[in-house]
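Visitor: I'm passing along data18.txt; it holds compact mmCIF, C-alpha atoms and all ligand atoms.
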# COMPACT_ATOMS: atom_id res chain seq x y z
CA MET A 11 29.64 -59.21 26.86
CA THR A 12 29.86 -56.77 29.77
CA TRP A 13 32.13 -53.85 29.06
CA THR A 14 35.01 -53.16 31.45
CA LEU A 15 36.54 -49.77 32.18
CA VAL A 16 40.07 -50.10 33.57
CA THR A 17 40.84 -47.04 35.69
CA ILE A 18 42.64 -45.24 38.42
CA PRO A 19 39.25 -44.27 39.90
CA ALA A 20 40.29 -40.80 41.05
CA SER A 21 41.91 -39.95 37.69
CA HIS A 22 40.30 -37.12 35.76
CA TYR A 23 40.84 -38.79 32.34
CA CYS A 24 39.04 -41.79 33.84
CA ASP A 25 36.08 -39.69 34.96
CA LYS A 26 35.91 -38.28 31.46
CA ALA A 27 35.31 -41.82 30.14
CA ARG A 28 33.14 -42.86 33.08
CA TRP A 29 30.94 -39.77 32.71
CA ALA A 30 30.37 -40.52 29.02
CA LEU A 31 29.46 -44.14 29.81
CA ASP A 32 27.11 -43.13 32.62
CA ARG A 33 25.47 -40.48 30.47
CA ALA A 34 24.89 -42.98 27.66
CA GLY A 35 23.37 -45.42 30.18
CA LEU A 36 25.73 -48.18 29.02
CA ALA A 37 26.38 -51.05 31.43
CA TYR A 38 30.01 -51.64 32.44
CA ILE A 39 32.09 -52.76 35.34
CA GLU A 40 34.99 -50.70 36.61
CA ASP A 41 38.36 -52.34 37.26
CA GLY A 42 40.05 -49.68 39.42
CA HIS A 43 43.70 -49.61 40.54
CA MET A 44 46.19 -47.46 42.39
CA PRO A 45 48.61 -45.37 40.26
CA ILE A 46 51.63 -47.39 39.07
CA LEU A 47 50.00 -50.55 40.42
CA HIS A 48 47.58 -50.09 37.49
CA TRP A 49 50.36 -50.92 34.98
CA ARG A 50 49.81 -54.65 35.22
CA ALA A 51 46.08 -54.41 34.56
CA ALA A 52 46.66 -51.88 31.79
CA ARG A 53 49.25 -54.08 30.07
CA ARG A 54 47.05 -57.12 30.38
CA HIS A 55 44.48 -55.39 28.23
CA LYS A 56 46.46 -53.42 25.73
CA GLY A 57 50.12 -53.00 26.41
CA THR A 58 49.86 -49.28 27.18
CA ARG A 59 50.58 -47.64 30.49
CA THR A 60 47.76 -45.16 30.63
CA VAL A 61 44.18 -45.52 31.74
CA PRO A 62 41.28 -45.29 31.04
CA ILE A 63 41.06 -48.40 28.89
CA LEU A 64 37.65 -49.56 27.70
CA VAL A 65 37.24 -53.22 26.86
CA HIS A 66 34.07 -53.29 24.77
CA ASP A 67 32.20 -55.67 22.49
CA GLN A 68 34.17 -54.65 19.37
CA GLY A 69 37.65 -54.45 20.92
CA ILE A 70 39.68 -52.14 23.11
CA ALA A 71 39.94 -48.35 23.30
CA ALA A 72 42.99 -47.17 25.25
CA ASP A 73 42.55 -43.40 25.16
CA SER A 74 39.77 -41.28 26.62
CA THR A 75 38.97 -39.59 23.29
CA ASP A 76 38.75 -42.94 21.48
CA ILE A 77 36.46 -44.13 24.29
CA LEU A 78 34.11 -41.18 23.73
CA HIS A 79 33.94 -42.06 20.03
CA VAL A 80 33.14 -45.71 20.83
CA ILE A 81 30.34 -44.56 23.14
CA ASP A 82 29.00 -42.13 20.51
CA ALA A 83 28.45 -45.08 18.18
CA HIS A 84 25.96 -46.44 20.74
CA VAL A 85 23.77 -43.38 21.32
CA ALA A 86 21.17 -41.43 19.34
CA ALA A 87 22.54 -38.66 17.08
CA ASP A 88 21.15 -35.85 19.26
CA GLN A 89 22.98 -37.29 22.28
CA GLN A 90 26.36 -37.74 20.64
CA LEU A 91 29.26 -35.94 22.27
CA PHE A 92 30.71 -35.13 18.84
CA PRO A 93 27.94 -33.47 16.80
CA ALA A 94 27.65 -34.54 13.15
CA GLU A 95 27.60 -31.02 11.64
CA PRO A 96 31.19 -30.61 10.36
CA ALA A 97 31.98 -27.04 11.52
CA LEU A 98 30.55 -27.64 15.00
CA ARG A 99 32.28 -31.01 15.24
CA ALA A 100 35.62 -29.41 14.36
CA ARG A 101 35.20 -26.80 17.12
CA VAL A 102 34.28 -29.45 19.67
CA ALA A 103 37.29 -31.57 18.64
CA ALA A 104 39.64 -28.58 18.85
CA TRP A 105 38.57 -27.70 22.43
CA GLU A 106 38.70 -31.32 23.47
CA GLU A 107 42.20 -31.78 22.08
CA ARG A 108 43.43 -28.64 23.83
CA PHE A 109 41.96 -29.75 27.16
CA ASP A 110 43.49 -33.22 26.76
CA ARG A 111 46.93 -31.85 25.99
CA GLN A 112 47.10 -28.84 28.30
CA LEU A 113 44.42 -28.91 31.00
CA GLY A 114 44.75 -32.58 32.00
CA PRO A 115 48.50 -32.65 32.68
CA ALA A 116 48.54 -29.18 34.34
CA ALA A 117 45.66 -29.93 36.72
CA ARG A 118 47.16 -33.28 37.67
CA ARG A 119 50.62 -31.84 38.34
CA LEU A 120 49.31 -29.02 40.53
CA VAL A 121 47.12 -31.29 42.62
CA TYR A 122 49.74 -33.98 43.09
CA PHE A 123 52.21 -31.28 44.07
CA HIS A 124 49.99 -30.61 47.10
CA LEU A 125 48.72 -34.13 47.74
CA LEU A 126 52.00 -36.04 47.62
CA GLN A 127 53.20 -34.16 50.67
CA ASP A 128 50.74 -36.25 52.73
CA PRO A 129 51.09 -40.04 52.25
CA ALA A 130 47.91 -41.00 54.13
CA LEU A 131 45.78 -38.43 52.33
CA THR A 132 47.19 -39.38 48.91
CA THR A 133 46.49 -43.05 49.59
CA ASP A 134 42.90 -42.28 50.63
CA VAL A 135 42.12 -39.92 47.78
CA VAL A 136 43.72 -41.84 44.93
CA GLY A 137 42.90 -45.19 46.53
CA SER A 138 39.18 -44.72 46.73
CA GLY A 139 37.68 -47.42 44.50
CA ALA A 140 40.96 -49.39 44.29
CA PRO A 141 41.41 -52.84 45.89
CA ARG A 142 42.38 -52.83 49.56
CA HIS A 143 45.58 -54.78 49.03
CA GLU A 144 46.78 -52.20 46.48
CA ARG A 145 46.12 -49.42 49.00
CA VAL A 146 48.22 -51.28 51.55
CA ILE A 147 51.06 -51.79 49.06
CA PHE A 148 50.85 -48.18 47.88
CA ARG A 149 51.02 -46.85 51.45
CA GLY A 150 53.92 -49.18 52.29
CA LEU A 151 55.92 -48.26 49.21
CA PHE A 152 54.88 -44.60 49.30
CA PRO A 153 58.36 -43.00 49.21
CA LEU A 154 59.32 -45.10 46.18
CA LEU A 155 56.02 -44.71 44.34
CA ALA A 156 55.68 -41.00 45.11
CA GLY A 157 59.22 -40.54 43.77
CA LEU A 158 58.29 -42.36 40.55
CA MET A 159 55.15 -40.24 40.22
CA ARG A 160 57.07 -37.00 40.81
CA ARG A 161 59.59 -37.98 38.15
CA GLY A 162 57.00 -39.33 35.72
CA MET A 163 54.83 -36.22 35.90
CA ASN A 164 57.63 -33.72 36.40
CA ILE A 165 56.25 -32.51 39.73
CA THR A 166 58.54 -29.80 41.06
CA PRO A 167 57.71 -26.47 42.72
CA ALA A 168 58.76 -24.57 39.58
CA LYS A 169 56.82 -26.83 37.19
CA SER A 170 53.76 -26.72 39.46
CA ALA A 171 53.85 -22.92 39.43
CA GLN A 172 53.98 -23.02 35.61
CA SER A 173 51.02 -25.40 35.60
CA ARG A 174 49.06 -23.01 37.81
CA GLU A 175 49.67 -20.23 35.28
CA LYS A 176 48.69 -22.48 32.40
CA LEU A 177 45.46 -23.40 34.22
CA GLN A 178 44.69 -19.75 34.90
CA ALA A 179 45.16 -18.93 31.20
CA LEU A 180 42.96 -21.85 30.11
CA PHE A 181 40.26 -20.94 32.61
CA ALA A 182 40.40 -17.34 31.34
CA ASP A 183 39.97 -18.50 27.71
CA VAL A 184 37.00 -20.69 28.64
CA GLY A 185 35.53 -17.84 30.68
CA ALA A 186 35.90 -15.48 27.70
CA GLU A 187 34.11 -17.99 25.46
CA LEU A 188 31.22 -18.14 27.94
CA ALA A 189 31.05 -14.37 28.46
CA ASP A 190 28.14 -13.95 26.01
CA GLY A 191 25.97 -16.03 28.36
CA ARG A 192 26.05 -19.29 26.40
CA ARG A 193 25.29 -22.43 28.41
CA TYR A 194 27.71 -24.70 26.54
CA LEU A 195 31.06 -24.17 24.87
CA CYS A 196 29.93 -25.17 21.36
CA GLY A 197 26.39 -24.91 20.02
CA ASP A 198 23.27 -25.18 22.13
CA ARG A 199 23.80 -28.51 23.84
CA PHE A 200 26.29 -30.50 25.93
CA THR A 201 29.21 -31.90 23.91
CA ALA A 202 32.63 -33.50 24.37
CA ALA A 203 34.08 -29.99 24.78
CA ASP A 204 32.01 -29.38 27.93
CA LEU A 205 32.48 -32.86 29.35
CA THR A 206 36.23 -32.79 28.79
CA PHE A 207 36.67 -29.36 30.32
CA ALA A 208 34.71 -30.26 33.46
CA ALA A 209 36.29 -33.69 33.92
CA LEU A 210 39.87 -32.57 33.33
CA ALA A 211 39.42 -29.50 35.54
CA SER A 212 37.94 -31.62 38.35
CA PRO A 213 41.21 -32.08 40.31
CA VAL A 214 41.41 -28.33 40.90
CA LEU A 215 37.67 -27.99 41.62
CA LEU A 216 36.76 -31.16 43.57
CA PRO A 217 33.12 -30.95 42.41
CA ASP A 218 30.33 -32.26 44.64
CA GLY A 219 28.99 -34.35 41.77
CA HIS A 220 32.27 -36.21 41.21
CA PRO A 221 31.73 -39.90 42.05
CA VAL A 222 35.19 -40.44 43.58
CA ILE A 223 36.94 -37.29 44.77
CA ARG A 224 34.01 -35.29 46.16
CA THR A 225 34.82 -36.21 49.75
CA ALA A 226 38.41 -35.02 49.52
CA TRP A 227 37.61 -31.32 50.03
CA ALA A 228 37.34 -31.39 53.80
CA ARG A 229 40.70 -33.16 54.12
CA VAL A 230 43.01 -31.38 51.71
CA PRO A 231 45.59 -28.99 53.20
CA PRO A 232 44.71 -25.26 53.52
CA ALA A 233 47.05 -24.24 50.68
CA MET A 234 45.25 -26.63 48.34
CA GLN A 235 41.82 -25.47 49.56
CA ALA A 236 42.80 -21.88 48.82
CA GLU A 237 43.99 -22.91 45.35
CA ILE A 238 40.74 -24.74 44.67
CA THR A 239 38.58 -21.90 45.98
CA ALA A 240 40.26 -19.49 43.58
CA PHE A 241 39.54 -21.79 40.60
CA ARG A 242 35.98 -22.48 41.79
CA GLU A 243 35.19 -18.77 41.85
CA THR A 244 36.14 -18.10 38.22
CA PRO A 245 33.41 -18.16 35.52
CA ALA A 246 35.01 -21.27 33.99
CA GLY A 247 35.16 -22.94 37.40
CA GLU A 248 31.49 -22.14 38.05
CA PHE A 249 30.67 -23.53 34.61
CA ALA A 250 32.42 -26.86 35.32
CA LEU A 251 30.75 -27.15 38.73
CA ARG A 252 27.36 -26.55 37.09
CA LEU A 253 28.08 -29.27 34.52
CA TYR A 254 28.89 -31.71 37.33
CA ARG A 255 25.63 -30.74 39.06
CA GLU A 256 23.36 -30.78 36.02
CA GLU A 257 24.89 -33.16 33.50
CA ARG A 258 26.70 -35.84 35.51
CA ARG A 259 24.50 -38.91 35.91
CA ALA A 260 25.16 -41.26 38.80
CA SER A 261 28.02 -43.69 38.31
CA GLY A 262 28.10 -47.32 39.32
CA LEU A 263 30.75 -46.54 41.93
N1 LIG A 301 45.75 -39.43 26.45
C1 LIG A 301 45.34 -40.29 27.54
C2 LIG A 301 45.91 -39.79 28.82
C3 LIG A 301 45.47 -40.60 30.01
C4 LIG A 301 46.40 -40.45 31.20
O1 LIG A 301 47.31 -39.62 31.22
N2 LIG A 301 46.15 -41.29 32.23
C5 LIG A 301 46.94 -41.27 33.43
C6 LIG A 301 46.06 -41.25 34.64
S1 LIG A 301 45.45 -39.64 34.95
C7 LIG A 301 47.77 -42.52 33.50
O2 LIG A 301 47.28 -43.60 33.26
N3 LIG A 301 49.04 -42.38 33.87
C8 LIG A 301 49.85 -43.51 34.15
C9 LIG A 301 51.24 -43.48 33.65
O3 LIG A 301 51.54 -42.66 32.76
O4 LIG A 301 51.97 -44.30 34.14
C10 LIG A 301 43.82 -40.33 27.56
O5 LIG A 301 43.18 -39.33 27.17
O6 LIG A 301 43.25 -41.36 27.92
Can you give me the file's structure in the form of structure tokens?
Ligand SMILES: N[C@@H](CCC(=O)N[C@@H](CS)C(=O)NCC(=O)O)C(=O)O
Guide:
Amino acid sequence: MTWTLVTIPASHYCDKARWALDRAGLAYIEDGHMPILHWRAARRHKGTRTVPILVHDQGIAADSTDILHVIDAHVAADQQLFPAEPALRARVAAWEERFDRQLGPAARRLVYFHLLQDPALTTDVVGSGAPRHERVIFRGLFPLLAGLMRRGMNITPAKSAQSREKLQALFADVGAELADGRRYLCGDRFTAADLTFAALASPVLLPDGHPVIRTAWARVPPAMQAEITAFRETPAGEFALRLYREERRASGL
């Protein structure tokens, strides 16, 4: 059975799952949708609202962390994103959990705060990899859908400013961890901690190696470019960009 990854292609949680699949060399097809219009596909598979959802040979995983664990069961021990050694595994899991809870929502809110001000740009960026008819619907219903997204993700100027501060603090903590010159956050090889940091930071970095959003840079408004440049120039930002360059294998997209 061919695995299916249900996504919003531009979503950073989705690239977290897609990156792990690509890295493991596992075959899958991607079923990509526009935000909100993805609900139907998501419900069809699991009854949850969030993507990524991986439909695999043993069942369904409807959370990016669960997806990484499913993938780990299909790769050699020295390639697993969660190392077996208990103390190291606990550190990897702790970083990953923190990035999932704090980095993902903050990066998304800050980027949508900028993007949603431009309907055509939002449709292009978040619509890349989604079916054409969904892009047309999304663009047509933009005021309604953008309103739902703003409410759903609590996107206000004040909340976005708080998210910026949270991101700066997280980037500073990751930078401090890397200050001794280590190449990876935990141990001497790439783990779920590194992958999750890079993927969930990608909206505020727009890395060249990202399979979906890499072309957005030239089109985003100057205020967003300035925001991204500042994050790119931090040690943690440089680290995530390096991971996209060196560790991100080509995706099927
Ligand atoms: N804990 C989930 C979070 C995933 C998530 O927040 N996905 C977003 C896309 S970036 C989503 O599907 N949002 C749709 C919604 O809440 O309606 C995971 O790690 O997979």
Visitor: Pick the closest to ligand LIG 301 (chain A) from A:Thr166, A:Ser212, A:Thr225, A:Thr12: which is it, counting only C-alpha atoms and all ligand atoms?
Guide: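 Closest to ligand LIG 301 (chain A), using only C-alpha atoms and all ligand atoms: A:Ser212.
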Visitor: Could you give me, as a PDB file with C-alpha atoms, in the frame of the given file, every polymer residue with an atom at most 10 Å away from an atom of ligand LIG 301 (chain A), counting all atoms listed in the file?
Guide:
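Contents of part.pdb, freshly written:
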ATOM      1  CA  VAL A  16      40.070 -50.100  33.570  1.00  0.00           C
ATOM      2  CA  THR A  17      40.840 -47.040  35.690  1.00  0.00           C
ATOM      3  CA  ILE A  18      42.640 -45.240  38.420  1.00  0.00           C
ATOM      4  CA  PRO A  19      39.250 -44.270  39.900  1.00  0.00           C
ATOM      5  CA  ALA A  20      40.290 -40.800  41.050  1.00  0.00           C
ATOM      6  CA  SER A  21      41.910 -39.950  37.690  1.00  0.00           C
ATOM      7  CA  HIS A  22      40.300 -37.120  35.760  1.00  0.00           C
ATOM      8  CA  TYR A  23      40.840 -38.790  32.340  1.00  0.00           C
ATOM      9  CA  CYS A  24      39.040 -41.790  33.840  1.00  0.00           C
ATOM     10  CA  ASP A  25      36.080 -39.690  34.960  1.00  0.00           C
ATOM     11  CA  LYS A  26      35.910 -38.280  31.460  1.00  0.00           C
ATOM     12  CA  ALA A  27      35.310 -41.820  30.140  1.00  0.00           C
ATOM     13  CA  MET A  44      46.190 -47.460  42.390  1.00  0.00           C
ATOM     14  CA  PRO A  45      48.610 -45.370  40.260  1.00  0.00           C
ATOM     15  CA  ILE A  46      51.630 -47.390  39.070  1.00  0.00           C
ATOM     16  CA  LEU A  47      50.000 -50.550  40.420  1.00  0.00           C
ATOM     17  CA  HIS A  48      47.580 -50.090  37.490  1.00  0.00           C
ATOM     18  CA  TRP A  49      50.360 -50.920  34.980  1.00  0.00           C
ATOM     19  CA  ALA A  52      46.660 -51.880  31.790  1.00  0.00           C
ATOM     20  CA  THR A  58      49.860 -49.280  27.180  1.00  0.00           C
ATOM     21  CA  ARG A  59      50.580 -47.640  30.490  1.00  0.00           C
ATOM     22  CA  THR A  60      47.760 -45.160  30.630  1.00  0.00           C
ATOM     23  CA  VAL A  61      44.180 -45.520  31.740  1.00  0.00           C
ATOM     24  CA  PRO A  62      41.280 -45.290  31.040  1.00  0.00           C
ATOM     25  CA  ILE A  63      41.060 -48.400  28.890  1.00  0.00           C
ATOM     26  CA  LEU A  64      37.650 -49.560  27.700  1.00  0.00           C
ATOM     27  CA  ALA A  71      39.940 -48.350  23.300  1.00  0.00           C
ATOM     28  CA  ALA A  72      42.990 -47.170  25.250  1.00  0.00           C
ATOM     29  CA  ASP A  73      42.550 -43.400  25.160  1.00  0.00           C
ATOM     30  CA  SER A  74      39.770 -41.280  26.620  1.00  0.00           C
ATOM     31  CA  THR A  75      38.970 -39.590  23.290  1.00  0.00           C
ATOM     32  CA  ASP A  76      38.750 -42.940  21.480  1.00  0.00           C
ATOM     33  CA  ILE A  77      36.460 -44.130  24.290  1.00  0.00           C
ATOM     34  CA  LEU A  78      34.110 -41.180  23.730  1.00  0.00           C
ATOM     35  CA  GLU A 106      38.700 -31.320  23.470  1.00  0.00           C
ATOM     36  CA  GLU A 107      42.200 -31.780  22.080  1.00  0.00           C
ATOM     37  CA  PHE A 109      41.960 -29.750  27.160  1.00  0.00           C
ATOM     38  CA  ASP A 110      43.490 -33.220  26.760  1.00  0.00           C
ATOM     39  CA  ARG A 111      46.930 -31.850  25.990  1.00  0.00           C
ATOM     40  CA  GLY A 114      44.750 -32.580  32.000  1.00  0.00           C
ATOM     41  CA  PRO A 115      48.500 -32.650  32.680  1.00  0.00           C
ATOM     42  CA  ALA A 117      45.660 -29.930  36.720  1.00  0.00           C
ATOM     43  CA  ARG A 118      47.160 -33.280  37.670  1.00  0.00           C
ATOM     44  CA  ARG A 119      50.620 -31.840  38.340  1.00  0.00           C
ATOM     45  CA  LEU A 158      58.290 -42.360  40.550  1.00  0.00           C
ATOM     46  CA  MET A 159      55.150 -40.240  40.220  1.00  0.00           C
ATOM     47  CA  GLY A 162      57.000 -39.330  35.720  1.00  0.00           C
ATOM     48  CA  MET A 163      54.830 -36.220  35.900  1.00  0.00           C
ATOM     49  CA  THR A 206      36.230 -32.790  28.790  1.00  0.00           C
ATOM     50  CA  LEU A 210      39.870 -32.570  33.330  1.00  0.00           C
TER      51      LEU A 210
END
Visitor: Pull the closest atom pair for each residue of range 130-180 of chain A that gets at most 12 Å from range 214-223 of chain A, along with the distance in Å to one decimal, counting all atoms listed in the file, ordering rows by chain and then ascending residue number, as JSON lines.
Guide:
{"residue": "A:Leu131", "atom": "CA", "partner": "A:Ile223", "partner_atom": "CA", "distance": 11.7}
{"residue": "A:Thr132", "atom": "CA", "partner": "A:Ile223", "partner_atom": "CA", "distance": 11.3}
{"residue": "A:Asp134", "atom": "CA", "partner": "A:Ile223", "partner_atom": "CA", "distance": 9.7}
{"residue": "A:Val135", "atom": "CA", "partner": "A:Ile223", "partner_atom": "CA", "distance": 6.5}
{"residue": "A:Val136", "atom": "CA", "partner": "A:Ile223", "partner_atom": "CA", "distance": 8.2}
{"residue": "A:Gly137", "atom": "CA", "partner": "A:Val222", "partner_atom": "CA", "distance": 9.5}
{"residue": "A:Ser138", "atom": "CA", "partner": "A:Val222", "partner_atom": "CA", "distance": 6.6}
{"residue": "A:Gly139", "atom": "CA", "partner": "A:Val222", "partner_atom": "CA", "distance": 7.5}
{"residue": "A:Ala140", "atom": "CA", "partner": "A:Val222", "partner_atom": "CA", "distance": 10.7}
{"residue": "A:Ser173", "atom": "CA", "partner": "A:Val214", "partner_atom": "CA", "distance": 11.4}
{"residue": "A:Arg174", "atom": "CA", "partner": "A:Val214", "partner_atom": "CA", "distance": 9.8}
{"residue": "A:Leu177", "atom": "CA", "partner": "A:Val214", "partner_atom": "CA", "distance": 9.2}
{"residue": "A:Gln178", "atom": "CA", "partner": "A:Val214", "partner_atom": "CA", "distance": 11.0}
Visitor: Would you work out the distance separating CA of Ala182 in chain A from CA of Phe241 in chain A, expressed in Å to one decimal?
Guide: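 Separation of CA of Ala182 in chain A and CA of Phe241 in chain A: 10.3 Å.
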Visitor: Show me a table, sorted first by chain and then by increasing residue number, of the residues of range 90-114 of chain A having an atom at most 7 Å from range 183-201 of chain A, each with its shortest atom pair and the distance in Å to one decimal, counting only C-alpha atoms and written as a tab-separated table.
Guide:
residue	atom	partner	partner_atom	distance
A:Leu91	CA	A:Thr201	CA	4.4
A:Phe92	CA	A:Thr201	CA	6.2
A:Leu98	CA	A:Cys196	CA	6.9
A:Arg101	CA	A:Cys196	CA	7.0
A:Val102	CA	A:Cys196	CA	6.3
Visitor: Those same residues - C-alpha atoms - I'd like them written as an mmCIF file, in the coordinates of the input.
Guide:
data_model
loop_
_atom_site.group_PDB
_atom_site.id
_atom_site.type_symbol
_atom_site.label_atom_id
_atom_site.label_comp_id
_atom_site.auth_asym_id
_atom_site.auth_seq_id
_atom_site.Cartn_x
_atom_site.Cartn_y
_atom_site.Cartn_z
ATOM 1 C CA LEU A 91 29.260 -35.940 22.270
ATOM 2 C CA PHE A 92 30.710 -35.130 18.840
ATOM 3 C CA LEU A 98 30.550 -27.640 15.000
ATOM 4 C CA ARG A 101 35.200 -26.800 17.120
ATOM 5 C CA VAL A 102 34.280 -29.450 19.670
#
Visitor: Between CA of Pro167 in chain A and CA of Tyr122 in chain A, what is the distance, to one decimal in Å?
Guide: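 Rounded to one decimal, the two atoms are 11.0 Å apart.
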Visitor: Kindly add N, CA and C atoms to the incomplete range 166-193 of chain A and provide the output as an mmCIF file, in the coordinates of the input.
Guide:
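The result, written out as selection35.cif:
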data_model
loop_
_atom_site.group_PDB
_atom_site.id
_atom_site.type_symbol
_atom_site.label_atom_id
_atom_site.label_comp_id
_atom_site.auth_asym_id
_atom_site.auth_seq_id
_atom_site.Cartn_x
_atom_site.Cartn_y
_atom_site.Cartn_z
ATOM 1 N N THR A 166 57.585 -30.591 40.280
ATOM 2 C CA THR A 166 58.540 -29.800 41.060
ATOM 3 C C THR A 166 57.829 -28.490 41.415
ATOM 4 N N PRO A 167 58.349 -27.754 42.409
ATOM 5 C CA PRO A 167 57.710 -26.470 42.720
ATOM 6 C C PRO A 167 57.652 -25.550 41.496
ATOM 7 N N ALA A 168 58.746 -25.485 40.726
ATOM 8 C CA ALA A 168 58.760 -24.570 39.580
ATOM 9 C C ALA A 168 57.754 -25.014 38.513
ATOM 10 N N LYS A 169 57.749 -26.328 38.211
ATOM 11 C CA LYS A 169 56.820 -26.830 37.190
ATOM 12 C C LYS A 169 55.367 -26.690 37.643
ATOM 13 N N SER A 170 55.132 -26.854 38.950
ATOM 14 C CA SER A 170 53.760 -26.720 39.460
ATOM 15 C C SER A 170 53.300 -25.273 39.340
ATOM 16 N N ALA A 171 54.203 -24.338 39.577
ATOM 17 C CA ALA A 171 53.850 -22.920 39.430
ATOM 18 C C ALA A 171 53.516 -22.617 37.963
ATOM 19 N N GLN A 172 54.282 -23.209 37.051
ATOM 20 C CA GLN A 172 53.980 -23.020 35.610
ATOM 21 C C GLN A 172 52.608 -23.608 35.273
ATOM 22 N N SER A 173 52.316 -24.766 35.864
ATOM 23 C CA SER A 173 51.020 -25.400 35.600
ATOM 24 C C SER A 173 49.877 -24.532 36.120
ATOM 25 N N ARG A 174 50.093 -23.912 37.273
ATOM 26 C CA ARG A 174 49.060 -23.010 37.810
ATOM 27 C C ARG A 174 48.780 -21.891 36.804
ATOM 28 N N GLU A 175 49.848 -21.320 36.246
ATOM 29 C CA GLU A 175 49.670 -20.230 35.280
ATOM 30 C C GLU A 175 48.961 -20.728 34.016
ATOM 31 N N LYS A 176 49.346 -21.923 33.590
ATOM 32 C CA LYS A 176 48.690 -22.480 32.400
ATOM 33 C C LYS A 176 47.193 -22.691 32.673
ATOM 34 N N LEU A 177 46.875 -23.184 33.860
ATOM 35 C CA LEU A 177 45.460 -23.400 34.220
ATOM 36 C C LEU A 177 44.712 -22.074 34.258
ATOM 37 N N GLN A 178 45.351 -21.061 34.826
ATOM 38 C CA GLN A 178 44.690 -19.750 34.900
ATOM 39 C C GLN A 178 44.397 -19.229 33.496
ATOM 40 N N ALA A 179 45.357 -19.416 32.579
ATOM 41 C CA ALA A 179 45.160 -18.930 31.200
ATOM 42 C C ALA A 179 44.034 -19.715 30.518
ATOM 43 N N LEU A 180 44.014 -21.035 30.719
ATOM 44 C CA LEU A 180 42.960 -21.850 30.110
ATOM 45 C C LEU A 180 41.589 -21.491 30.673
ATOM 46 N N PHE A 181 41.529 -21.324 31.987
ATOM 47 C CA PHE A 181 40.260 -20.940 32.610
ATOM 48 C C PHE A 181 39.816 -19.573 32.078
ATOM 49 N N ALA A 182 40.757 -18.662 31.862
ATOM 50 C CA ALA A 182 40.400 -17.340 31.340
ATOM 51 C C ALA A 182 39.842 -17.460 29.917
ATOM 52 N N ASP A 183 40.457 -18.324 29.090
ATOM 53 C CA ASP A 183 39.970 -18.500 27.710
ATOM 54 C C ASP A 183 38.560 -19.108 27.712
ATOM 55 N N VAL A 184 38.341 -20.082 28.571
ATOM 56 C CA VAL A 184 37.000 -20.690 28.640
ATOM 57 C C VAL A 184 35.998 -19.656 29.159
ATOM 58 N N GLY A 185 36.403 -18.887 30.148
ATOM 59 C CA GLY A 185 35.530 -17.840 30.680
ATOM 60 C C GLY A 185 35.171 -16.818 29.597
ATOM 61 N N ALA A 186 36.155 -16.457 28.763
ATOM 62 C CA ALA A 186 35.900 -15.480 27.700
ATOM 63 C C ALA A 186 34.902 -16.057 26.687
ATOM 64 N N GLU A 187 35.037 -17.340 26.404
ATOM 65 C CA GLU A 187 34.110 -17.990 25.460
ATOM 66 C C GLU A 187 32.678 -17.972 25.996
ATOM 67 N N LEU A 188 32.556 -18.074 27.322
ATOM 68 C CA LEU A 188 31.220 -18.140 27.940
ATOM 69 C C LEU A 188 30.646 -16.759 28.248
ATOM 70 N N ALA A 189 31.431 -15.704 27.991
ATOM 71 C CA ALA A 189 31.050 -14.370 28.460
ATOM 72 C C ALA A 189 29.766 -13.856 27.816
ATOM 73 N N ASP A 190 29.388 -14.413 26.650
ATOM 74 C CA ASP A 190 28.140 -13.950 26.010
ATOM 75 C C ASP A 190 26.914 -14.645 26.608
ATOM 76 N N GLY A 191 27.111 -15.433 27.667
ATOM 77 C CA GLY A 191 25.970 -16.030 28.360
ATOM 78 C C GLY A 191 25.598 -17.411 27.871
ATOM 79 N N ARG A 192 26.379 -17.957 26.925
ATOM 80 C CA ARG A 192 26.050 -19.290 26.400
ATOM 81 C C ARG A 192 26.129 -20.339 27.519
ATOM 82 N N ARG A 193 25.341 -21.391 27.372
ATOM 83 C CA ARG A 193 25.290 -22.430 28.410
ATOM 84 C C ARG A 193 26.307 -23.536 28.160
#
